[in-house]
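Listing of upload_0.txt; format and content: compact mmCIF, N, CA and C atoms.
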# COMPACT_ATOMS: atom_id res chain seq x y z
N MET A 1 -44.94 17.45 -23.10
CA MET A 1 -44.06 17.27 -24.23
C MET A 1 -44.90 17.02 -25.48
N ASN A 2 -44.37 17.41 -26.60
CA ASN A 2 -45.07 17.25 -27.87
C ASN A 2 -45.24 15.77 -28.19
N LYS A 3 -46.46 15.37 -28.51
CA LYS A 3 -46.76 13.97 -28.76
C LYS A 3 -46.21 13.50 -30.11
N ASN A 4 -45.82 14.42 -30.96
CA ASN A 4 -45.30 14.06 -32.27
C ASN A 4 -43.82 13.68 -32.22
N LEU A 5 -43.14 13.96 -31.11
CA LEU A 5 -41.72 13.64 -30.99
C LEU A 5 -41.54 12.17 -30.59
N PRO A 6 -40.52 11.50 -31.16
CA PRO A 6 -40.29 10.11 -30.78
C PRO A 6 -39.83 10.01 -29.32
N LYS A 7 -40.03 8.83 -28.72
CA LYS A 7 -39.67 8.62 -27.31
C LYS A 7 -38.18 8.80 -27.07
N TRP A 8 -37.36 8.50 -28.02
CA TRP A 8 -35.91 8.55 -27.84
C TRP A 8 -35.35 9.96 -27.96
N PHE A 9 -36.12 10.91 -28.40
CA PHE A 9 -35.64 12.27 -28.64
C PHE A 9 -34.99 12.90 -27.39
N PRO A 10 -35.58 12.81 -26.20
CA PRO A 10 -34.92 13.41 -25.02
C PRO A 10 -33.54 12.79 -24.75
N TYR A 11 -33.38 11.51 -25.05
CA TYR A 11 -32.08 10.86 -24.84
C TYR A 11 -31.01 11.44 -25.77
N VAL A 12 -31.40 11.76 -26.98
CA VAL A 12 -30.47 12.36 -27.94
C VAL A 12 -30.04 13.74 -27.43
N ILE A 13 -30.98 14.51 -26.91
CA ILE A 13 -30.67 15.84 -26.39
C ILE A 13 -29.68 15.72 -25.22
N VAL A 14 -29.94 14.79 -24.32
CA VAL A 14 -29.04 14.58 -23.18
C VAL A 14 -27.65 14.17 -23.66
N ALA A 15 -27.59 13.29 -24.64
CA ALA A 15 -26.31 12.83 -25.19
C ALA A 15 -25.54 14.00 -25.80
N ILE A 16 -26.21 14.85 -26.52
CA ILE A 16 -25.57 16.02 -27.13
C ILE A 16 -25.01 16.94 -26.05
N ILE A 17 -25.78 17.17 -25.00
CA ILE A 17 -25.33 18.03 -23.91
C ILE A 17 -24.09 17.43 -23.23
N VAL A 18 -24.10 16.12 -23.01
CA VAL A 18 -22.95 15.45 -22.38
C VAL A 18 -21.71 15.60 -23.26
N VAL A 19 -21.86 15.42 -24.57
CA VAL A 19 -20.72 15.56 -25.49
C VAL A 19 -20.18 16.99 -25.44
N ILE A 20 -21.05 17.96 -25.39
CA ILE A 20 -20.62 19.36 -25.32
C ILE A 20 -19.86 19.61 -24.02
N ILE A 21 -20.37 19.11 -22.92
CA ILE A 21 -19.70 19.30 -21.62
C ILE A 21 -18.33 18.65 -21.63
N ILE A 22 -18.25 17.43 -22.16
CA ILE A 22 -16.95 16.74 -22.22
C ILE A 22 -15.98 17.53 -23.10
N GLY A 23 -16.47 18.05 -24.21
CA GLY A 23 -15.62 18.86 -25.09
C GLY A 23 -15.08 20.10 -24.39
N VAL A 24 -15.93 20.76 -23.62
CA VAL A 24 -15.50 21.95 -22.87
C VAL A 24 -14.45 21.57 -21.84
N ILE A 25 -14.66 20.47 -21.14
CA ILE A 25 -13.71 20.03 -20.12
C ILE A 25 -12.36 19.71 -20.76
N ILE A 26 -12.38 18.98 -21.85
CA ILE A 26 -11.13 18.61 -22.53
C ILE A 26 -10.42 19.84 -23.06
N SER A 27 -11.16 20.77 -23.62
CA SER A 27 -10.51 21.95 -24.20
C SER A 27 -9.95 22.90 -23.15
N THR A 28 -10.47 22.82 -21.92
CA THR A 28 -9.97 23.74 -20.88
C THR A 28 -8.89 23.13 -20.02
N THR A 29 -8.69 21.84 -20.09
CA THR A 29 -7.63 21.22 -19.29
C THR A 29 -6.37 21.12 -20.11
N GLY A 30 -5.26 21.08 -19.42
CA GLY A 30 -3.98 20.90 -20.08
C GLY A 30 -3.38 22.17 -20.62
N LYS A 31 -4.04 23.30 -20.47
CA LYS A 31 -3.46 24.56 -20.93
C LYS A 31 -2.52 25.09 -19.87
N LYS A 32 -1.41 25.66 -20.33
CA LYS A 32 -0.46 26.25 -19.41
C LYS A 32 -1.00 27.58 -18.88
N ALA A 33 -0.66 27.86 -17.66
CA ALA A 33 -1.01 29.15 -17.11
C ALA A 33 -0.10 30.18 -17.76
N PRO A 34 -0.57 31.39 -17.92
CA PRO A 34 0.30 32.40 -18.53
C PRO A 34 1.52 32.63 -17.64
N GLU A 35 2.66 32.81 -18.30
CA GLU A 35 3.89 33.04 -17.54
C GLU A 35 3.80 34.36 -16.82
N GLN A 36 4.36 34.37 -15.62
CA GLN A 36 4.36 35.62 -14.87
C GLN A 36 5.57 36.44 -15.27
N VAL A 37 5.32 37.69 -15.47
CA VAL A 37 6.39 38.60 -15.84
C VAL A 37 6.88 39.29 -14.59
N SER A 38 8.18 39.38 -14.48
CA SER A 38 8.77 40.01 -13.31
C SER A 38 9.02 41.48 -13.58
N THR A 39 8.52 42.31 -12.71
CA THR A 39 8.79 43.75 -12.78
C THR A 39 9.35 44.16 -11.44
N PRO A 40 9.97 45.31 -11.34
CA PRO A 40 10.50 45.73 -10.03
C PRO A 40 9.42 45.78 -8.95
N GLU A 41 8.19 46.08 -9.34
CA GLU A 41 7.12 46.16 -8.36
C GLU A 41 6.58 44.78 -7.99
N THR A 42 6.58 43.85 -8.95
CA THR A 42 6.04 42.52 -8.70
C THR A 42 7.07 41.47 -9.09
N PRO A 43 7.82 40.97 -8.14
CA PRO A 43 8.81 39.94 -8.47
C PRO A 43 8.12 38.66 -8.92
N ALA A 44 8.80 37.91 -9.76
CA ALA A 44 8.25 36.65 -10.26
C ALA A 44 8.09 35.67 -9.11
N VAL A 45 7.00 34.93 -9.16
CA VAL A 45 6.74 33.92 -8.14
C VAL A 45 7.32 32.61 -8.65
N THR A 46 8.13 31.98 -7.83
CA THR A 46 8.70 30.70 -8.24
C THR A 46 8.06 29.60 -7.43
N SER A 47 7.89 28.46 -8.06
CA SER A 47 7.31 27.34 -7.33
C SER A 47 8.40 26.69 -6.49
N PRO A 48 8.02 26.12 -5.35
CA PRO A 48 9.03 25.50 -4.51
C PRO A 48 9.65 24.30 -5.22
N VAL A 49 10.93 24.13 -5.01
CA VAL A 49 11.63 23.02 -5.62
C VAL A 49 11.33 21.77 -4.81
N GLU A 50 10.91 20.74 -5.51
CA GLU A 50 10.58 19.49 -4.83
C GLU A 50 11.87 18.74 -4.53
N THR A 51 12.05 18.39 -3.29
CA THR A 51 13.26 17.67 -2.92
C THR A 51 12.98 16.19 -2.85
N VAL A 52 13.93 15.40 -3.28
CA VAL A 52 13.81 13.96 -3.23
C VAL A 52 14.49 13.49 -1.96
N LYS A 53 13.73 12.81 -1.14
CA LYS A 53 14.24 12.34 0.13
C LYS A 53 15.08 11.09 -0.10
N GLU A 54 16.28 11.12 0.36
CA GLU A 54 17.16 9.95 0.26
C GLU A 54 16.65 8.90 1.24
N LYS A 55 16.72 7.66 0.83
CA LYS A 55 16.27 6.57 1.69
C LYS A 55 17.36 6.25 2.70
N THR A 56 16.92 5.96 3.91
CA THR A 56 17.85 5.56 4.95
C THR A 56 18.24 4.10 4.71
N PRO A 57 19.36 3.67 5.31
CA PRO A 57 19.77 2.27 5.11
C PRO A 57 18.70 1.27 5.54
N ASP A 58 17.98 1.58 6.63
CA ASP A 58 16.94 0.64 7.06
C ASP A 58 15.78 0.61 6.06
N GLU A 59 15.43 1.75 5.48
CA GLU A 59 14.36 1.77 4.47
C GLU A 59 14.75 0.94 3.25
N GLU A 60 15.99 1.08 2.82
CA GLU A 60 16.46 0.32 1.65
C GLU A 60 16.44 -1.18 1.94
N ALA A 61 16.94 -1.58 3.10
CA ALA A 61 16.98 -3.00 3.46
C ALA A 61 15.56 -3.56 3.58
N TYR A 62 14.67 -2.80 4.19
CA TYR A 62 13.29 -3.26 4.35
C TYR A 62 12.62 -3.41 2.98
N GLU A 63 12.83 -2.44 2.10
CA GLU A 63 12.21 -2.51 0.78
C GLU A 63 12.72 -3.71 -0.02
N LYS A 64 14.00 -4.03 0.11
CA LYS A 64 14.55 -5.20 -0.59
C LYS A 64 13.89 -6.48 -0.08
N ALA A 65 13.73 -6.59 1.23
CA ALA A 65 13.07 -7.77 1.80
C ALA A 65 11.62 -7.82 1.36
N ARG A 66 10.99 -6.69 1.33
CA ARG A 66 9.58 -6.63 0.96
C ARG A 66 9.37 -7.01 -0.51
N GLU A 67 10.33 -6.66 -1.36
CA GLU A 67 10.23 -7.06 -2.77
C GLU A 67 10.20 -8.59 -2.89
N LEU A 68 11.04 -9.25 -2.11
CA LEU A 68 11.04 -10.71 -2.12
C LEU A 68 9.69 -11.24 -1.67
N TYR A 69 9.15 -10.63 -0.62
CA TYR A 69 7.85 -11.03 -0.10
C TYR A 69 6.77 -10.87 -1.18
N TYR A 70 6.75 -9.71 -1.84
CA TYR A 70 5.73 -9.47 -2.87
C TYR A 70 5.95 -10.32 -4.12
N ASP A 71 7.17 -10.80 -4.31
CA ASP A 71 7.44 -11.70 -5.42
C ASP A 71 7.18 -13.16 -5.04
N ALA A 72 6.59 -13.37 -3.86
CA ALA A 72 6.23 -14.70 -3.35
C ALA A 72 7.47 -15.58 -3.14
N LYS A 73 8.59 -14.95 -2.89
CA LYS A 73 9.82 -15.68 -2.55
C LYS A 73 9.92 -15.67 -1.02
N TYR A 74 9.01 -16.43 -0.39
CA TYR A 74 8.82 -16.32 1.04
C TYR A 74 10.03 -16.78 1.86
N LYS A 75 10.70 -17.84 1.45
CA LYS A 75 11.87 -18.29 2.20
C LYS A 75 12.97 -17.24 2.17
N GLU A 76 13.21 -16.67 1.00
CA GLU A 76 14.22 -15.62 0.88
C GLU A 76 13.79 -14.37 1.65
N ALA A 77 12.50 -14.08 1.60
CA ALA A 77 11.99 -12.90 2.32
C ALA A 77 12.18 -13.08 3.82
N ILE A 78 11.92 -14.27 4.33
CA ILE A 78 12.09 -14.53 5.76
C ILE A 78 13.55 -14.27 6.16
N GLU A 79 14.47 -14.78 5.36
CA GLU A 79 15.89 -14.56 5.66
C GLU A 79 16.23 -13.07 5.63
N ALA A 80 15.73 -12.37 4.62
CA ALA A 80 16.01 -10.94 4.50
C ALA A 80 15.39 -10.15 5.65
N TYR A 81 14.17 -10.51 6.04
CA TYR A 81 13.54 -9.83 7.18
C TYR A 81 14.29 -10.10 8.48
N ARG A 82 14.74 -11.34 8.68
CA ARG A 82 15.50 -11.66 9.90
C ARG A 82 16.79 -10.84 9.95
N LYS A 83 17.48 -10.75 8.82
CA LYS A 83 18.71 -9.95 8.76
C LYS A 83 18.37 -8.49 9.04
N PHE A 84 17.28 -8.02 8.47
CA PHE A 84 16.86 -6.64 8.70
C PHE A 84 16.65 -6.37 10.18
N ILE A 85 15.92 -7.25 10.85
CA ILE A 85 15.64 -7.06 12.28
C ILE A 85 16.94 -7.11 13.08
N LYS A 86 17.86 -7.99 12.70
CA LYS A 86 19.15 -8.08 13.38
C LYS A 86 19.97 -6.80 13.17
N ASP A 87 19.99 -6.30 11.94
CA ASP A 87 20.79 -5.12 11.61
C ASP A 87 20.15 -3.81 12.08
N PHE A 88 18.82 -3.77 12.11
CA PHE A 88 18.10 -2.53 12.46
C PHE A 88 17.01 -2.81 13.49
N PRO A 89 17.39 -3.26 14.68
CA PRO A 89 16.37 -3.64 15.68
C PRO A 89 15.48 -2.48 16.14
N ASP A 90 15.97 -1.27 16.01
CA ASP A 90 15.19 -0.11 16.47
C ASP A 90 14.48 0.62 15.33
N SER A 91 14.50 0.05 14.15
CA SER A 91 13.87 0.69 13.00
C SER A 91 12.36 0.75 13.19
N GLU A 92 11.76 1.76 12.61
CA GLU A 92 10.30 1.86 12.65
C GLU A 92 9.64 0.75 11.85
N TYR A 93 10.42 0.04 11.03
CA TYR A 93 9.89 -1.04 10.21
C TYR A 93 10.12 -2.42 10.81
N ALA A 94 10.72 -2.48 11.98
CA ALA A 94 11.05 -3.78 12.59
C ALA A 94 9.79 -4.61 12.86
N ASP A 95 8.75 -3.99 13.37
CA ASP A 95 7.52 -4.74 13.63
C ASP A 95 6.85 -5.18 12.33
N ASP A 96 6.96 -4.35 11.29
CA ASP A 96 6.42 -4.73 9.99
C ASP A 96 7.14 -5.99 9.49
N ALA A 97 8.47 -5.98 9.63
CA ALA A 97 9.27 -7.12 9.18
C ALA A 97 8.87 -8.38 9.95
N GLN A 98 8.70 -8.25 11.26
CA GLN A 98 8.32 -9.42 12.07
C GLN A 98 6.95 -9.94 11.65
N TYR A 99 6.04 -9.04 11.40
CA TYR A 99 4.70 -9.43 10.97
C TYR A 99 4.76 -10.15 9.62
N GLU A 100 5.57 -9.64 8.72
CA GLU A 100 5.65 -10.25 7.40
C GLU A 100 6.40 -11.58 7.42
N ILE A 101 7.26 -11.78 8.41
CA ILE A 101 7.86 -13.11 8.60
C ILE A 101 6.75 -14.10 8.92
N ALA A 102 5.89 -13.73 9.85
CA ALA A 102 4.78 -14.61 10.23
C ALA A 102 3.86 -14.88 9.03
N LEU A 103 3.55 -13.85 8.28
CA LEU A 103 2.70 -14.02 7.10
C LEU A 103 3.37 -14.94 6.07
N SER A 104 4.67 -14.80 5.94
CA SER A 104 5.40 -15.66 4.99
C SER A 104 5.27 -17.12 5.38
N TYR A 105 5.39 -17.39 6.68
CA TYR A 105 5.22 -18.78 7.13
C TYR A 105 3.79 -19.26 6.86
N GLU A 106 2.83 -18.39 6.99
CA GLU A 106 1.46 -18.78 6.66
C GLU A 106 1.35 -19.16 5.19
N PHE A 107 1.94 -18.33 4.31
CA PHE A 107 1.89 -18.63 2.88
C PHE A 107 2.63 -19.93 2.57
N LEU A 108 3.65 -20.25 3.35
CA LEU A 108 4.38 -21.50 3.16
C LEU A 108 3.66 -22.68 3.82
N GLU A 109 2.53 -22.39 4.46
CA GLU A 109 1.69 -23.37 5.15
C GLU A 109 2.40 -24.04 6.32
N ASP A 110 3.35 -23.31 6.92
CA ASP A 110 4.02 -23.77 8.14
C ASP A 110 3.35 -23.00 9.30
N TYR A 111 2.17 -23.48 9.69
CA TYR A 111 1.33 -22.73 10.61
C TYR A 111 1.89 -22.68 12.02
N LYS A 112 2.57 -23.72 12.45
CA LYS A 112 3.18 -23.69 13.79
C LYS A 112 4.25 -22.61 13.86
N LYS A 113 5.05 -22.51 12.82
CA LYS A 113 6.10 -21.50 12.78
C LYS A 113 5.47 -20.11 12.68
N ALA A 114 4.39 -20.00 11.95
CA ALA A 114 3.69 -18.72 11.83
C ALA A 114 3.20 -18.27 13.21
N ILE A 115 2.63 -19.20 13.98
CA ILE A 115 2.17 -18.87 15.33
C ILE A 115 3.33 -18.37 16.17
N GLU A 116 4.47 -19.06 16.11
CA GLU A 116 5.65 -18.64 16.87
C GLU A 116 6.07 -17.22 16.50
N GLU A 117 6.03 -16.92 15.21
CA GLU A 117 6.45 -15.59 14.76
C GLU A 117 5.45 -14.51 15.17
N TYR A 118 4.16 -14.84 15.14
CA TYR A 118 3.16 -13.88 15.63
C TYR A 118 3.38 -13.62 17.13
N GLU A 119 3.69 -14.68 17.87
CA GLU A 119 3.94 -14.53 19.30
C GLU A 119 5.17 -13.66 19.56
N LYS A 120 6.19 -13.79 18.72
CA LYS A 120 7.38 -12.92 18.82
C LYS A 120 6.99 -11.46 18.61
N LEU A 121 6.12 -11.24 17.64
CA LEU A 121 5.66 -9.88 17.37
C LEU A 121 5.00 -9.29 18.60
N ILE A 122 4.10 -10.05 19.21
CA ILE A 122 3.36 -9.57 20.38
C ILE A 122 4.32 -9.31 21.54
N LYS A 123 5.29 -10.20 21.72
CA LYS A 123 6.25 -10.06 22.81
C LYS A 123 7.22 -8.90 22.58
N ASN A 124 7.79 -8.82 21.39
CA ASN A 124 8.84 -7.84 21.11
C ASN A 124 8.33 -6.46 20.70
N TYR A 125 7.11 -6.39 20.23
CA TYR A 125 6.55 -5.12 19.75
C TYR A 125 5.13 -4.95 20.28
N PRO A 126 4.97 -4.85 21.59
CA PRO A 126 3.63 -4.82 22.18
C PRO A 126 2.79 -3.61 21.74
N ASN A 127 3.42 -2.56 21.26
CA ASN A 127 2.68 -1.37 20.83
C ASN A 127 2.46 -1.32 19.32
N SER A 128 2.80 -2.40 18.64
CA SER A 128 2.68 -2.44 17.19
C SER A 128 1.21 -2.40 16.76
N GLU A 129 1.01 -1.81 15.62
CA GLU A 129 -0.34 -1.77 15.04
C GLU A 129 -0.79 -3.17 14.60
N TYR A 130 0.14 -4.13 14.56
CA TYR A 130 -0.18 -5.48 14.10
C TYR A 130 -0.53 -6.45 15.22
N VAL A 131 -0.47 -6.01 16.46
CA VAL A 131 -0.69 -6.92 17.59
C VAL A 131 -2.07 -7.57 17.54
N GLU A 132 -3.10 -6.79 17.32
CA GLU A 132 -4.47 -7.35 17.30
C GLU A 132 -4.63 -8.34 16.15
N SER A 133 -4.08 -8.00 15.01
CA SER A 133 -4.14 -8.91 13.87
C SER A 133 -3.37 -10.20 14.17
N ALA A 134 -2.23 -10.07 14.83
CA ALA A 134 -1.43 -11.25 15.20
C ALA A 134 -2.20 -12.14 16.16
N LYS A 135 -2.86 -11.54 17.12
CA LYS A 135 -3.66 -12.33 18.07
C LYS A 135 -4.78 -13.08 17.35
N SER A 136 -5.45 -12.40 16.44
CA SER A 136 -6.52 -13.05 15.68
C SER A 136 -5.97 -14.19 14.84
N SER A 137 -4.83 -13.97 14.22
CA SER A 137 -4.21 -15.00 13.39
C SER A 137 -3.81 -16.21 14.23
N ILE A 138 -3.27 -15.96 15.41
CA ILE A 138 -2.89 -17.06 16.30
C ILE A 138 -4.12 -17.89 16.65
N ASP A 139 -5.19 -17.24 17.03
CA ASP A 139 -6.42 -17.96 17.37
C ASP A 139 -6.93 -18.77 16.19
N TYR A 140 -6.95 -18.15 15.04
CA TYR A 140 -7.43 -18.83 13.84
C TYR A 140 -6.55 -20.04 13.51
N LEU A 141 -5.24 -19.84 13.54
CA LEU A 141 -4.33 -20.94 13.17
C LEU A 141 -4.39 -22.08 14.19
N LYS A 142 -4.51 -21.74 15.47
CA LYS A 142 -4.62 -22.80 16.47
C LYS A 142 -5.90 -23.61 16.24
N ASP A 143 -7.00 -22.95 15.96
CA ASP A 143 -8.24 -23.66 15.65
C ASP A 143 -8.07 -24.51 14.40
N TYR A 144 -7.43 -23.97 13.41
CA TYR A 144 -7.22 -24.70 12.16
C TYR A 144 -6.37 -25.96 12.39
N LEU A 145 -5.36 -25.84 13.23
CA LEU A 145 -4.47 -26.99 13.48
C LEU A 145 -5.17 -28.08 14.30
N LYS A 146 -6.21 -27.71 15.06
CA LYS A 146 -6.96 -28.71 15.84
C LYS A 146 -7.78 -29.62 14.95
N LYS A 147 -8.14 -29.12 13.79
CA LYS A 147 -9.04 -29.89 12.89
C LYS A 147 -8.33 -31.03 12.22

Hey, can you dump this file as C-alpha cells for me?
Amino acid sequence: MNKNLPKWFPYVIVAIIVVIIIGVIISTTGKKAPEQVSTPETPAVTSPVETVKEKTPDEEAYEKARELYYDAKYKEAIEAYRKFIKDFPDSEYADDAQYEIALSYEFLEDYKKAIEEYEKLIKNYPNSEYVESAKSSIDYLKDYLKK
C-alpha cells in the first residue's frame, strides 16, 4: 500500500462500499412485481387465498386462562384452568393447563400444592411432554421444602 496514504483511508473505502451496498438493497426491496397480464394462451396466476382458521371452543377457553396466567393473575388462572380441564378433559391443551396450574402455585409460593398438581399431571397425562419437567420440579420443590 502507498505509504503516503493515511492509516484510516482503507476504513473510509470500506464504509463507502457498505453504504453503496445498503443503498442497493434498500432500492431493490419493496418494489411490486409487475402485474401479470392474462391472455387466452396464458391465464393469470392468482395467489392462494389465505384462510383464517376459526378457534375451537377449547382453544378459546385455554387462551383466556392463559391470558390470566401471563398477566400474573395466578389465582384466577388456576380457576380458569380447572374449569377448562373440567369442560374439555380430552383437549390437546389439557396437559398444558394442568402444568400451568402447578406453575401458578409455584409463583404463589404454595409449593406443597404445586407438588400435588405436578403429581396430577404425571398421573393423568403420562404421555405429556411436561412429565419430565414435572418430575424435576417435584424433586426440586421437595428438596427446597426440607431446608

Would you mind reading off the distance between CA of Asp90 in chain A and atom C of Phe107 in chain A, one decimal, in Å? 27.3 Å

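CA of Leu108 in chain A is positioned 11.7 Å from CA of Glu76 in chain A.
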
Interatomic distance between atom N of Asp96 in chain A and atom N of Lys53 in chain A?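 So the two atoms, atom N of Asp96 in chain A and atom N of Lys53 in chain A, lie 22.2 Å apart.
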
Mind checking DSSP for range 2-145 of chain A and telling me the alpha helix (DSSP H) residues as a PyMOL selection string? chain A and resi 9-28+57-70+74-87+94-107+111-124+131-145

Give me the box for range 60-66 of chain A as lines of an AutoDock Vina configuration file, namely the centre and edge lengths in Å to one decimal of a box along x, y and z that holds every listed atom plus 3 Å on each side.
center_x = 13.2
center_y = -3.4
center_z = 1.9
size_x = 13.6
size_y = 14.9
size_z = 10.9

Shell around Gln98 in chain A at 7 Å using all atoms listed in the file, local window under 3 positions removed, as a PyMOL selection string: chain A and resi 81+93-95+101-103+117-118+120-121
